[in-house]
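Peer 1: Here you go, target10.tsv (TSV, C-alpha atoms and all ligand atoms):
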chain	number	residue	atom	x	y	z
A	218	MET	CA	75.00	-14.37	111.53
A	219	SER	CA	78.19	-12.30	111.57
A	220	SER	CA	81.41	-13.50	113.10
A	221	GLN	CA	81.60	-10.18	114.97
A	222	GLY	CA	79.75	-9.55	118.20
A	223	GLU	CA	77.80	-11.88	120.39
A	224	LEU	CA	75.01	-14.10	119.11
A	225	THR	CA	71.63	-12.61	119.93
A	226	GLU	CA	69.58	-15.59	118.83
A	227	VAL	CA	69.69	-19.35	118.84
A	228	PRO	CA	71.55	-20.35	115.65
A	229	ALA	CA	70.44	-23.22	113.39
A	230	ILE	CA	73.27	-25.62	112.56
A	231	ASP	CA	73.12	-28.09	109.67
A	232	LEU	CA	74.73	-31.39	110.71
A	233	ARG	CA	74.99	-32.75	107.15
A	234	PRO	CA	78.50	-31.40	106.43
A	235	SER	CA	79.72	-33.33	109.49
A	236	VAL	CA	78.67	-36.54	107.75
A	237	GLU	CA	79.30	-35.74	104.10
A	238	GLY	CA	82.03	-33.12	104.21
A	239	GLY	CA	85.02	-35.09	105.49
A	240	GLU	CA	87.36	-33.63	108.12
A	241	ALA	CA	86.83	-30.07	106.90
A	242	GLY	CA	83.07	-30.52	107.17
A	243	ARG	CA	83.38	-31.82	110.73
A	244	ASP	CA	85.66	-28.96	111.69
A	245	ALA	CA	83.24	-26.39	110.27
A	246	VAL	CA	80.23	-27.82	112.12
A	247	ALA	CA	82.28	-28.12	115.34
A	248	ALA	CA	83.27	-24.44	115.03
A	249	GLU	CA	79.63	-23.38	114.73
A	250	ILE	CA	78.74	-25.50	117.74
A	251	ARG	CA	81.61	-24.06	119.78
A	252	ARG	CA	80.49	-20.51	119.14
A	253	ALA	CA	76.87	-21.28	120.05
A	254	CYS	CA	77.89	-23.13	123.23
A	255	GLU	CA	80.22	-20.34	124.37
A	256	GLU	CA	77.82	-17.50	123.63
A	257	VAL	CA	74.24	-18.73	124.20
A	258	GLY	CA	74.42	-22.35	125.29
A	259	PHE	CA	71.66	-23.12	122.78
A	260	PHE	CA	71.55	-24.04	119.09
A	261	SER	CA	69.16	-25.96	116.88
A	262	VAL	CA	70.11	-28.79	114.55
A	263	VAL	CA	68.76	-29.59	111.11
A	264	GLY	CA	70.04	-32.26	108.71
A	265	HIS	CA	70.09	-34.62	111.71
A	266	GLY	CA	68.62	-37.66	109.93
A	267	VAL	CA	65.87	-38.36	112.49
A	268	THR	CA	62.70	-39.20	110.57
A	269	ASP	CA	59.43	-37.30	111.00
A	270	ALA	CA	57.67	-40.62	111.58
A	271	VAL	CA	59.48	-41.22	114.88
A	272	VAL	CA	58.57	-37.75	116.12
A	273	GLU	CA	54.98	-37.87	114.87
A	274	ALA	CA	54.31	-41.26	116.45
A	275	LEU	CA	55.34	-39.95	119.86
A	276	ARG	CA	53.44	-36.68	119.49
A	277	GLU	CA	50.30	-38.54	118.56
A	278	GLU	CA	50.49	-41.09	121.37
A	279	ALA	CA	51.43	-38.46	123.94
A	280	MET	CA	48.46	-36.26	123.01
A	281	LEU	CA	46.09	-39.24	123.19
A	282	PHE	CA	47.43	-40.03	126.64
A	283	PHE	CA	47.16	-36.46	127.96
A	284	ALA	CA	43.56	-36.29	126.71
A	285	LEU	CA	42.58	-39.15	129.08
A	286	PRO	CA	40.73	-38.41	132.34
A	287	LEU	CA	43.05	-37.52	135.23
A	288	GLU	CA	42.13	-40.66	137.23
A	289	GLU	CA	43.28	-42.80	134.34
A	290	LYS	CA	46.56	-40.95	133.88
A	291	LEU	CA	47.23	-41.25	137.61
A	292	ARG	CA	47.19	-45.06	137.29
A	293	THR	CA	50.77	-44.79	135.98
A	294	PRO	CA	52.04	-42.38	138.63
A	295	GLN	CA	55.50	-41.04	139.10
A	296	PRO	CA	57.15	-43.49	141.53
A	297	PRO	CA	58.25	-42.58	145.07
A	298	HIS	CA	61.45	-40.58	145.51
A	299	ARG	CA	60.45	-38.33	142.62
A	300	ILE	CA	62.19	-40.38	139.95
A	301	SER	CA	61.54	-39.35	136.34
A	302	ARG	CA	59.15	-42.11	135.30
A	303	GLY	CA	55.43	-42.22	134.57
A	304	TYR	CA	52.88	-39.46	134.86
A	305	SER	CA	53.32	-36.16	136.75
A	306	HIS	CA	50.13	-34.12	137.13
A	307	VAL	CA	49.73	-30.35	136.80
A	308	GLY	CA	51.02	-28.72	139.95
A	309	SER	CA	53.42	-31.48	140.97
A	310	ARG	CA	56.72	-29.85	140.03
A	311	GLY	CA	58.37	-26.49	139.67
A	312	LEU	CA	61.60	-26.11	137.74
A	313	ALA	CA	62.58	-22.86	139.50
A	314	TYR	CA	62.78	-24.77	142.83
A	315	SER	CA	66.20	-25.92	141.64
A	316	LEU	CA	67.33	-22.28	141.89
A	317	GLY	CA	65.92	-22.11	145.41
A	318	ARG	CA	62.84	-20.10	144.40
A	319	GLU	CA	59.46	-20.60	146.08
A	320	THR	CA	57.24	-20.07	143.02
A	321	PRO	CA	53.78	-21.53	142.48
A	322	PRO	CA	54.11	-24.90	140.68
A	323	ASP	CA	54.55	-25.06	136.91
A	324	LEU	CA	51.50	-25.29	134.63
A	325	GLN	CA	52.41	-28.57	132.99
A	326	GLU	CA	51.77	-32.30	133.09
A	327	SER	CA	54.21	-34.85	131.74
A	328	PHE	CA	55.07	-38.48	131.13
A	329	ALA	CA	58.67	-39.61	131.56
A	330	MET	CA	60.85	-42.64	130.96
A	331	GLY	CA	64.44	-43.65	131.61
A	332	PRO	CA	66.93	-46.08	130.06
A	333	VAL	CA	65.62	-48.84	127.83
A	334	GLU	CA	68.61	-51.09	128.61
A	335	PRO	CA	69.17	-52.63	132.06
A	336	ALA	CA	71.84	-51.31	134.44
A	337	PRO	CA	75.44	-52.35	133.58
A	338	PRO	CA	77.13	-54.79	136.03
A	339	SER	CA	78.97	-51.91	137.79
A	340	VAL	CA	75.61	-50.38	138.79
A	341	ALA	CA	73.36	-53.44	139.14
A	342	GLY	CA	72.59	-54.17	142.80
A	343	THR	CA	73.79	-50.75	144.04
A	344	ALA	CA	71.57	-47.95	145.37
A	345	ALA	CA	72.18	-46.02	142.13
A	346	GLU	CA	70.36	-48.72	140.18
A	347	MET	CA	67.10	-47.75	141.85
A	348	SER	CA	67.53	-44.09	140.90
A	349	PHE	CA	68.96	-44.24	137.42
A	350	PHE	CA	67.72	-47.60	136.13
A	351	TYR	CA	64.39	-47.67	137.93
A	352	PRO	CA	62.01	-49.70	135.74
A	353	ASN	CA	59.87	-47.76	133.33
A	354	SER	CA	56.14	-47.97	133.85
A	355	TRP	CA	53.57	-47.91	131.08
A	356	PRO	CA	49.82	-47.36	131.02
A	357	GLU	CA	47.89	-50.55	130.44
A	358	GLY	CA	46.44	-51.26	127.02
A	359	ARG	CA	48.58	-48.69	125.20
A	360	PRO	CA	51.36	-50.69	123.52
A	361	ARG	CA	51.78	-48.01	120.85
A	362	LEU	CA	52.61	-45.39	123.46
A	363	ARG	CA	55.40	-47.54	124.85
A	364	ALA	CA	56.71	-48.39	121.37
A	365	ALA	CA	56.71	-44.72	120.35
A	366	PHE	CA	58.56	-43.63	123.51
A	367	GLU	CA	61.17	-46.38	123.24
A	368	ALA	CA	61.84	-45.77	119.54
A	369	TYR	CA	62.20	-42.04	120.14
A	370	TYR	CA	64.49	-42.63	123.14
A	371	ARG	CA	66.84	-44.79	121.06
A	372	GLU	CA	66.95	-42.21	118.25
A	373	MET	CA	67.78	-39.43	120.69
A	374	ASP	CA	70.46	-41.49	122.41
A	375	ALA	CA	72.16	-42.05	119.04
A	376	LEU	CA	71.82	-38.38	118.05
A	377	ALA	CA	73.26	-37.31	121.42
A	378	VAL	CA	76.34	-39.49	120.85
A	379	ARG	CA	76.84	-37.90	117.41
A	380	ILE	CA	76.51	-34.41	118.86
A	381	LEU	CA	78.88	-35.24	121.74
A	382	ARG	CA	81.51	-36.31	119.19
A	383	LEU	CA	81.16	-32.86	117.63
A	384	PHE	CA	81.33	-31.33	121.13
A	385	ALA	CA	84.61	-33.19	121.69
A	386	ARG	CA	86.03	-31.80	118.45
A	387	ALA	CA	84.76	-28.31	119.33
A	388	LEU	CA	86.67	-28.60	122.64
A	389	GLY	CA	89.89	-29.63	120.89
A	390	LEU	CA	89.62	-33.23	122.13
A	391	ASP	CA	89.62	-36.58	120.40
A	392	ASP	CA	86.21	-37.12	118.76
A	393	HIS	CA	85.64	-40.12	121.05
A	394	PHE	CA	86.47	-38.39	124.36
A	395	PHE	CA	82.93	-38.76	125.69
A	396	ASP	CA	82.23	-42.26	124.30
A	397	ASP	CA	83.24	-44.27	127.38
A	398	LYS	CA	81.47	-41.79	129.69
A	399	VAL	CA	78.10	-42.26	128.01
A	400	ASP	CA	78.00	-45.92	126.95
A	401	HIS	CA	75.60	-46.72	129.81
A	402	ALA	CA	73.84	-43.38	129.69
A	403	THR	CA	71.15	-42.57	132.24
A	404	SER	CA	69.15	-40.17	130.08
A	405	THR	CA	65.47	-39.42	130.53
A	406	LEU	CA	62.81	-38.60	127.97
A	407	ARG	CA	59.78	-36.53	128.94
A	408	ALA	CA	56.71	-35.58	126.94
A	409	VAL	CA	55.46	-32.35	128.48
A	410	HIS	CA	51.96	-30.99	127.92
A	411	TYR	CA	51.28	-27.37	128.79
A	412	PRO	CA	47.48	-27.16	128.85
A	413	PRO	CA	45.41	-24.19	127.66
A	414	GLN	CA	44.98	-21.59	130.40
A	415	PRO	CA	41.28	-20.69	130.66
A	416	GLU	CA	42.09	-18.96	133.95
A	417	ALA	CA	44.97	-16.55	134.22
A	418	PRO	CA	48.02	-18.07	135.98
A	419	ALA	CA	48.94	-16.94	139.50
A	420	VAL	CA	51.56	-14.26	139.94
A	421	GLY	CA	54.98	-15.81	139.30
A	422	GLN	CA	53.50	-18.99	137.81
A	423	LEU	CA	54.88	-20.16	134.45
A	424	ARG	CA	54.55	-23.16	132.16
A	425	ALA	CA	58.13	-24.00	133.14
A	426	GLY	CA	59.98	-21.87	135.67
A	427	GLU	CA	63.43	-20.50	135.05
A	428	HIS	CA	66.14	-23.18	135.34
A	429	THR	CA	69.18	-24.76	133.78
A	430	ASP	CA	69.31	-28.42	132.75
A	431	TYR	CA	71.48	-30.73	134.84
A	432	GLY	CA	72.99	-33.16	132.37
A	433	THR	CA	75.32	-33.04	129.39
A	434	LEU	CA	72.94	-32.00	126.65
A	435	THR	CA	69.19	-31.61	126.13
A	436	ILE	CA	67.60	-32.28	122.74
A	437	LEU	CA	64.13	-30.78	122.48
A	438	LYS	CA	61.24	-30.95	120.05
A	439	GLY	CA	58.72	-28.33	121.16
A	440	ASP	CA	55.76	-26.67	119.45
A	441	ASP	CA	56.49	-23.15	118.26
A	442	VAL	CA	53.34	-21.51	119.62
A	443	PRO	CA	52.67	-18.52	121.93
A	444	GLY	CA	53.78	-19.49	125.41
A	445	GLY	CA	56.93	-21.24	124.19
A	446	LEU	CA	60.60	-21.59	125.03
A	447	GLN	CA	62.61	-18.54	126.04
A	448	VAL	CA	66.34	-18.29	126.62
A	449	LYS	CA	68.26	-15.72	128.63
A	450	LEU	CA	70.99	-14.01	126.66
A	451	ARG	CA	74.32	-13.66	128.43
A	452	HIS	CA	74.20	-9.85	128.48
A	453	GLY	CA	70.55	-9.24	127.77
A	454	GLY	CA	66.96	-10.17	128.32
A	455	TRP	CA	64.85	-13.15	127.34
A	456	VAL	CA	64.66	-14.17	123.69
A	457	ASP	CA	61.94	-16.38	122.18
A	458	VAL	CA	63.18	-19.49	120.41
A	459	HIS	CA	61.49	-20.15	117.05
A	460	PRO	CA	63.07	-23.31	115.63
A	461	ARG	CA	62.49	-24.49	112.07
A	462	PRO	CA	59.76	-27.18	112.02
A	463	ASP	CA	62.33	-29.88	111.16
A	464	ALA	CA	64.82	-28.78	113.84
A	465	PHE	CA	65.65	-30.04	117.30
A	466	VAL	CA	66.72	-27.42	119.82
A	467	CYS	CA	69.84	-28.44	121.74
A	468	ASN	CA	71.19	-26.91	124.90
A	469	VAL	CA	74.24	-27.41	127.02
A	470	GLY	CA	73.59	-28.80	130.52
A	471	ASP	CA	75.40	-28.09	133.79
A	472	LEU	CA	77.89	-30.92	133.28
A	473	MET	CA	79.35	-29.34	130.14
A	474	MET	CA	79.81	-26.18	132.14
A	475	ARG	CA	81.83	-28.07	134.75
A	476	TRP	CA	83.79	-29.93	132.09
A	477	THR	CA	84.77	-26.59	130.48
A	478	ASN	CA	85.33	-24.53	133.66
A	479	ASP	CA	82.35	-22.32	132.66
A	480	ARG	CA	83.63	-21.60	129.13
A	481	TRP	CA	80.44	-23.16	127.79
A	482	ILE	CA	77.15	-21.92	129.23
A	483	SER	CA	74.37	-24.01	130.66
A	484	ASN	CA	71.93	-21.24	130.10
A	485	LEU	CA	68.81	-20.19	131.95
A	486	HIS	CA	65.59	-20.87	130.09
A	487	ARG	CA	61.88	-21.04	130.83
A	488	VAL	CA	58.52	-21.53	129.16
A	489	GLY	CA	56.33	-18.45	129.50
A	490	ASN	CA	52.54	-18.22	129.51
A	491	PRO	CA	50.70	-17.36	126.30
A	492	PRO	CA	49.25	-13.84	126.05
A	493	ARG	CA	45.57	-14.01	127.07
A	494	GLU	CA	44.35	-13.92	123.44
A	495	PHE	CA	46.22	-17.21	122.83
A	496	ALA	CA	45.38	-18.76	126.21
A	497	GLY	CA	43.28	-21.45	124.51
A	498	ILE	CA	46.34	-22.95	122.82
A	499	GLY	CA	48.13	-25.78	124.59
A	500	ARG	CA	51.69	-26.82	123.83
A	501	LEU	CA	53.46	-30.15	123.54
A	502	SER	CA	57.18	-30.34	124.06
A	503	ILE	CA	59.49	-33.35	124.14
A	504	PRO	CA	62.82	-32.87	125.90
A	505	PHE	CA	65.41	-35.66	125.93
A	506	PHE	CA	67.78	-35.05	128.83
A	507	HIS	CA	71.04	-36.75	128.03
A	508	ASN	CA	72.93	-37.85	131.14
A	509	PRO	CA	76.20	-39.81	131.27
A	510	ASN	CA	77.07	-43.05	133.04
A	511	VAL	CA	76.46	-43.17	136.81
A	512	ASP	CA	80.19	-43.38	137.51
A	513	ALA	CA	81.37	-40.90	134.86
A	514	GLU	CA	83.82	-38.51	136.49
A	515	ILE	CA	83.07	-34.89	135.62
A	516	ARG	CA	86.14	-32.75	136.00
A	517	CYS	CA	87.61	-29.77	134.25
A	518	ILE	CA	89.22	-30.71	130.94
A	519	SER	CA	92.87	-29.73	131.30
A	520	GLY	CA	92.83	-27.23	128.42
A	521	PHE	CA	90.22	-25.19	130.29
A	522	TYR	CA	92.06	-24.54	133.55
A	523	GLY	CA	91.79	-20.89	134.55
A	524	ALA	CA	94.58	-18.32	134.38
A	525	ALA	CA	95.75	-19.39	137.84
A	526	GLY	CA	95.71	-23.02	136.68
A	527	GLY	CA	92.62	-23.74	138.74
A	528	GLU	CA	89.46	-25.75	138.38
A	529	LYS	CA	86.36	-23.85	139.52
A	530	TYR	CA	84.57	-27.03	140.53
A	531	PRO	CA	85.86	-30.09	142.34
A	532	PRO	CA	85.58	-33.33	140.39
A	533	VAL	CA	82.24	-35.08	140.91
A	534	ARG	CA	80.79	-38.44	140.06
A	535	PHE	CA	77.72	-37.89	137.90
A	536	GLY	CA	75.47	-40.05	140.09
A	537	ASP	CA	76.21	-38.03	143.26
A	538	PHE	CA	75.95	-34.66	141.54
A	539	TYR	CA	72.61	-35.39	139.94
A	540	LEU	CA	70.93	-36.73	143.03
A	541	SER	CA	71.81	-33.64	145.06
A	542	LYS	CA	70.47	-31.14	142.48
A	543	HIS	CA	67.48	-33.05	141.14
A	544	MET	CA	66.03	-33.82	144.54
A	545	LYS	CA	66.11	-30.16	145.48
A	546	ALA	CA	64.08	-29.33	142.37
A	547	GLN	CA	61.45	-31.81	143.33
A	548	THR	CA	60.95	-31.49	147.05
A	549	MET	CA	60.44	-27.83	147.94
A	550	LYS	CA	56.73	-28.01	147.23
A	551	LYS	CA	54.68	-29.04	150.25
A	552	ASP	CA	51.33	-30.08	148.82
A	553	LEU	CA	51.76	-32.43	145.90
A	554	THR	CA	48.30	-33.96	145.71
A	555	PRO	CA	46.18	-33.24	142.64
A	556	ALA	CA	43.25	-30.88	143.04
A	601	LIG	O1	59.17	-27.07	126.82
A	601	LIG	C1	60.22	-26.51	126.56
A	601	LIG	O2	60.39	-25.89	125.51
A	601	LIG	C2	61.39	-26.56	127.53
A	601	LIG	C3	61.20	-27.48	128.70
A	601	LIG	C4	62.39	-27.49	129.60
A	601	LIG	O3	63.24	-26.63	129.54
A	601	LIG	C5	62.59	-28.60	130.57
A	601	LIG	O4	61.63	-29.37	130.79
A	601	LIG	O5	63.70	-28.70	131.12
A	602	FE	FE	65.07	-27.23	130.57
Show me this structure written as structure tokens.
Ligand SMILES: O=C(O)CCC(=O)C(=O)O
Ligand SMILES: [Fe+2]
Peer 2:
Amino acid sequence: MSSQGELTEVPAIDLRPSVEGGEAGRDAVAAEIRRACEEVGFFSVVGHGVTDAVVEALREEAMLFFALPLEEKLRTPQPPHRISRGYSHVGSRGLAYSLGRETPPDLQESFAMGPVEPAPPSVAGTAAEMSFFYPNSWPEGRPRLRAAFEAYYREMDALAVRILRLFARALGLDDHFFDDKVDHATSTLRAVHYPPQPEAPAVGQLRAGEHTDYGTLTILKGDDVPGGLQVKLRHGGWVDVHPRPDAFVCNVGDLMMRWTNDRWISNLHRVGNPPREFAGIGRLSIPFFHNPNVDAEIRCISGFYGAAGGEKYPPVRFGDFYLSKHMKAQTMKKDLTPA
């Protein structure tokens, strides 16, 4: 990767120097992150310290769950109000709805969970509790599935905090700038299964429609198979992401864009369909969507005011911002019943 010109791929960043290399090591890793976040909004991390066992346990349990008959999976349904918990069947969501597009629904099924800790006192008893700290629901008789999800969630929460400290450094802030905005984080973890496609998809139908992610940061472990993740380059077309097998792909969410007055990009991405010769291959992908505290105030960091001294976006409370965008993504589709 040269220091000249714009990045035309998703760079891999080794986190080890940020742990072992003292201040200079942290500065070097932060500089790599800054470049990736300004130019593509995506990077992958290696040397992150998350063990294969945690990832493998979740992959295995998720695949066992998705292999169950539909009626059984529907016994742990997504709750009312489209909250990210439980099972969502194929055809129940479309990520491009968030951009206002009327596409056919995405060709994916998923199982989602939210925080493992209860709501903090400032949120308990308020309406926000029922959106962001809605209880998780688990299929009966599958204690290993729950254990695998919860262990993975905790690992990702810790990794997100480490990456956010590097984000803070990359933005010229104190390493701990984000700490008190994410200490009661409202993140969600989703295992997404994109089934094989024995029949060709409808026109305009994808595994995951074009969208940006809403939160601070997404950390993703997805199979590198045909019909995988694609990212839009700032001045170009779509590029396939081929992470190293030990890597997690990270991308900046909309909140970082607001925090930086658009200096960092929350980039468009999608999951395409496999070419017909690979249509028999399904894909598993595990995104962890890191979201801050309900009452975190998201406003332009002062060093990023525009030339005229302005903020492009008014300050928002995370809870209000999320509910307005997320609900739009989920409600444009009329018929949500499984076939
Ligand atoms: O499966 C993937 O690689 C990406 C999924 C994604 O972007 C999302 O669910 O927000
Ligand atoms: Fe996404």
Peer 1: With a distance cut-off of 10 Å and only C-alpha atoms, select the neighbouring residues of A:Ala274, excluding the residue or stretch itself and same-chain residues fewer than 3 positions from it, and output the selection as a CSV table (one decimal) with C-alpha atoms, keeping the file's coordinate frame.
Peer 2:
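As written to disk, result.csv reads:
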chain,number,residue,atom,x,y,z
A,269,ASP,CA,59.4,-37.3,111.0
A,270,ALA,CA,57.7,-40.6,111.6
A,271,VAL,CA,59.5,-41.2,114.9
A,277,GLU,CA,50.3,-38.5,118.6
A,278,GLU,CA,50.5,-41.1,121.4
A,279,ALA,CA,51.4,-38.5,123.9
A,361,ARG,CA,51.8,-48.0,120.8
A,362,LEU,CA,52.6,-45.4,123.5
A,364,ALA,CA,56.7,-48.4,121.4
A,365,ALA,CA,56.7,-44.7,120.4
A,366,PHE,CA,58.6,-43.6,123.5
A,368,ALA,CA,61.8,-45.8,119.5
A,369,TYR,CA,62.2,-42.0,120.1
Peer 1: Kindly assemble as a tab-separated table a list of the chain A residues that lie within 10 Å of ligand LIG 601 (chain A), each paired with its nearest atom pair and their distance in Å to one decimal, using all atoms listed in the file, sorted first by chain and then by ascending residue number.
Peer 2:
residue	atom	partner	partner_atom	distance
A:Gly311	CA	A:LIG601	O4	9.9
A:Leu312	CA	A:LIG601	O5	7.4
A:Gln325	CA	A:LIG601	O1	9.3
A:Ser327	CA	A:LIG601	O4	9.3
A:Leu406	CA	A:LIG601	O4	9.7
A:Arg407	CA	A:LIG601	O4	7.6
A:Ala408	CA	A:LIG601	O4	8.8
A:Val409	CA	A:LIG601	O1	6.7
A:His410	CA	A:LIG601	O1	8.3
A:Tyr411	CA	A:LIG601	O1	8.1
A:Arg424	CA	A:LIG601	O1	8.1
A:Ala425	CA	A:LIG601	C3	6.4
A:Gly426	CA	A:LIG601	O3	8.4
A:Glu427	CA	A:LIG601	O3	8.2
A:His428	CA	A:LIG601	O3	7.3
A:Thr429	CA	A:LIG601	O5	7.3
A:Asp430	CA	A:LIG601	O5	5.8
A:Tyr431	CA	A:LIG601	O5	8.9
A:Thr435	CA	A:LIG601	O5	8.0
A:Ile436	CA	A:LIG601	C2	9.7
A:Leu437	CA	A:LIG601	O2	6.9
A:Lys438	CA	A:LIG601	O2	7.5
A:Gly439	CA	A:LIG601	O2	5.3
A:Asp440	CA	A:LIG601	O2	7.7
A:Asp441	CA	A:LIG601	O2	8.7
A:Gly444	CA	A:LIG601	O2	9.2
A:Gly445	CA	A:LIG601	O2	5.9
A:Leu446	CA	A:LIG601	O2	4.3
A:Gln447	CA	A:LIG601	O2	7.7
A:Val448	CA	A:LIG601	O3	9.4
A:Val458	CA	A:LIG601	O2	8.6
A:Val466	CA	A:LIG601	O2	8.6
A:Asn468	CA	A:LIG601	O3	9.2
A:Gly470	CA	A:LIG601	O5	9.9
A:Leu485	CA	A:LIG601	O3	8.8
A:His486	CA	A:LIG601	O3	6.2
A:Arg487	CA	A:LIG601	O3	5.9
A:Val488	CA	A:LIG601	C1	5.9
A:Gly489	CA	A:LIG601	O2	9.4
A:Arg500	CA	A:LIG601	O1	8.1
A:Leu501	CA	A:LIG601	O1	7.3
A:Ser502	CA	A:LIG601	O1	4.7
A:Ile503	CA	A:LIG601	O1	6.8
A:Pro504	CA	A:LIG601	O4	6.1
A:Phe505	CA	A:LIG601	O4	8.8
A:Phe506	CA	A:LIG601	O5	7.9
Peer 1: How many Å separate atom CA of A:Ser309 from atom CA of A:Phe328?
Peer 2: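 A separation of 12.2 Å between them.
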Peer 1: Which polymer residues have any atom within 10 Å of an atom of A:Gly523, counting all atoms listed in the file, with same-chain residues fewer than 4 positions away left out, as a compact mmCIF listing (two decimals) with C-alpha atoms, in the frame of the given file?
Peer 2:
# COMPACT_ATOMS: atom_id res chain seq x y z
CA THR A 477 84.77 -26.59 130.48
CA ASN A 478 85.33 -24.53 133.66
CA ASP A 479 82.35 -22.32 132.66
CA ARG A 480 83.63 -21.60 129.13
CA CYS A 517 87.61 -29.77 134.25
CA SER A 519 92.87 -29.73 131.30
CA GLY A 527 92.62 -23.74 138.74
CA GLU A 528 89.46 -25.75 138.38
CA LYS A 529 86.36 -23.85 139.52
Peer 1: Taking a cut-off of 12 Å and counting only C-alpha atoms, can you build a table that, for each residue of stretch 377-419 of chain A near stretch 237-241 of chain A, reports the nearest atom pair and how far apart they are in Å (one decimal), sorted by chain then residue number, as JSON lines?
Peer 2:
{"residue": "A:Leu383", "atom": "CA", "partner": "A:Glu240", "partner_atom": "CA", "distance": 11.4}
{"residue": "A:Arg386", "atom": "CA", "partner": "A:Glu240", "partner_atom": "CA", "distance": 10.6}
{"residue": "A:Asp392", "atom": "CA", "partner": "A:Glu240", "partner_atom": "CA", "distance": 11.3}
Peer 1: For the residues in that selection, give me C-alpha atoms as a CSV table (one decimal), keeping the file's coordinate frame.
Peer 2:
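Generated output (result_29.csv):
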chain,number,residue,atom,x,y,z
A,383,LEU,CA,81.2,-32.9,117.6
A,386,ARG,CA,86.0,-31.8,118.4
A,392,ASP,CA,86.2,-37.1,118.8
Peer 1: Rounded to one decimal place, report the atom CA of A:Ala229-atom CA of A:Gly389 distance in Å.
Peer 2: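 Here the two named atoms are 21.8 Å from each other.
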Peer 1: Restricting the calculation to all atoms listed in the file: of A:Asp471, A:Asp396, A:Asp231, A:Glu223, which residue gets closest to ligand FE 602 (chain A)?
Peer 2: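 The shortest atom-to-atom distance to ligand FE 602 (chain A) comes from A:Asp471.
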Peer 1: Could you state the separation of atom CA of A:Val399 and atom CA of A:Arg516 in Å, given to one decimal place?
Peer 2: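 Atom CA of A:Arg516 lies 14.8 Å from atom CA of A:Val399.
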Peer 1: Around all of stretch 357-373 of chain A's listed atoms, make the axis-aligned box with 5 Å on each side and tell me centre and edge lengths in Å to one decimal, as JSON.
Peer 2:
{"center_x": 57.1, "center_y": -45.3, "center_z": 124.3, "size_x": 31.3, "size_y": 21.8, "size_z": 22.2}
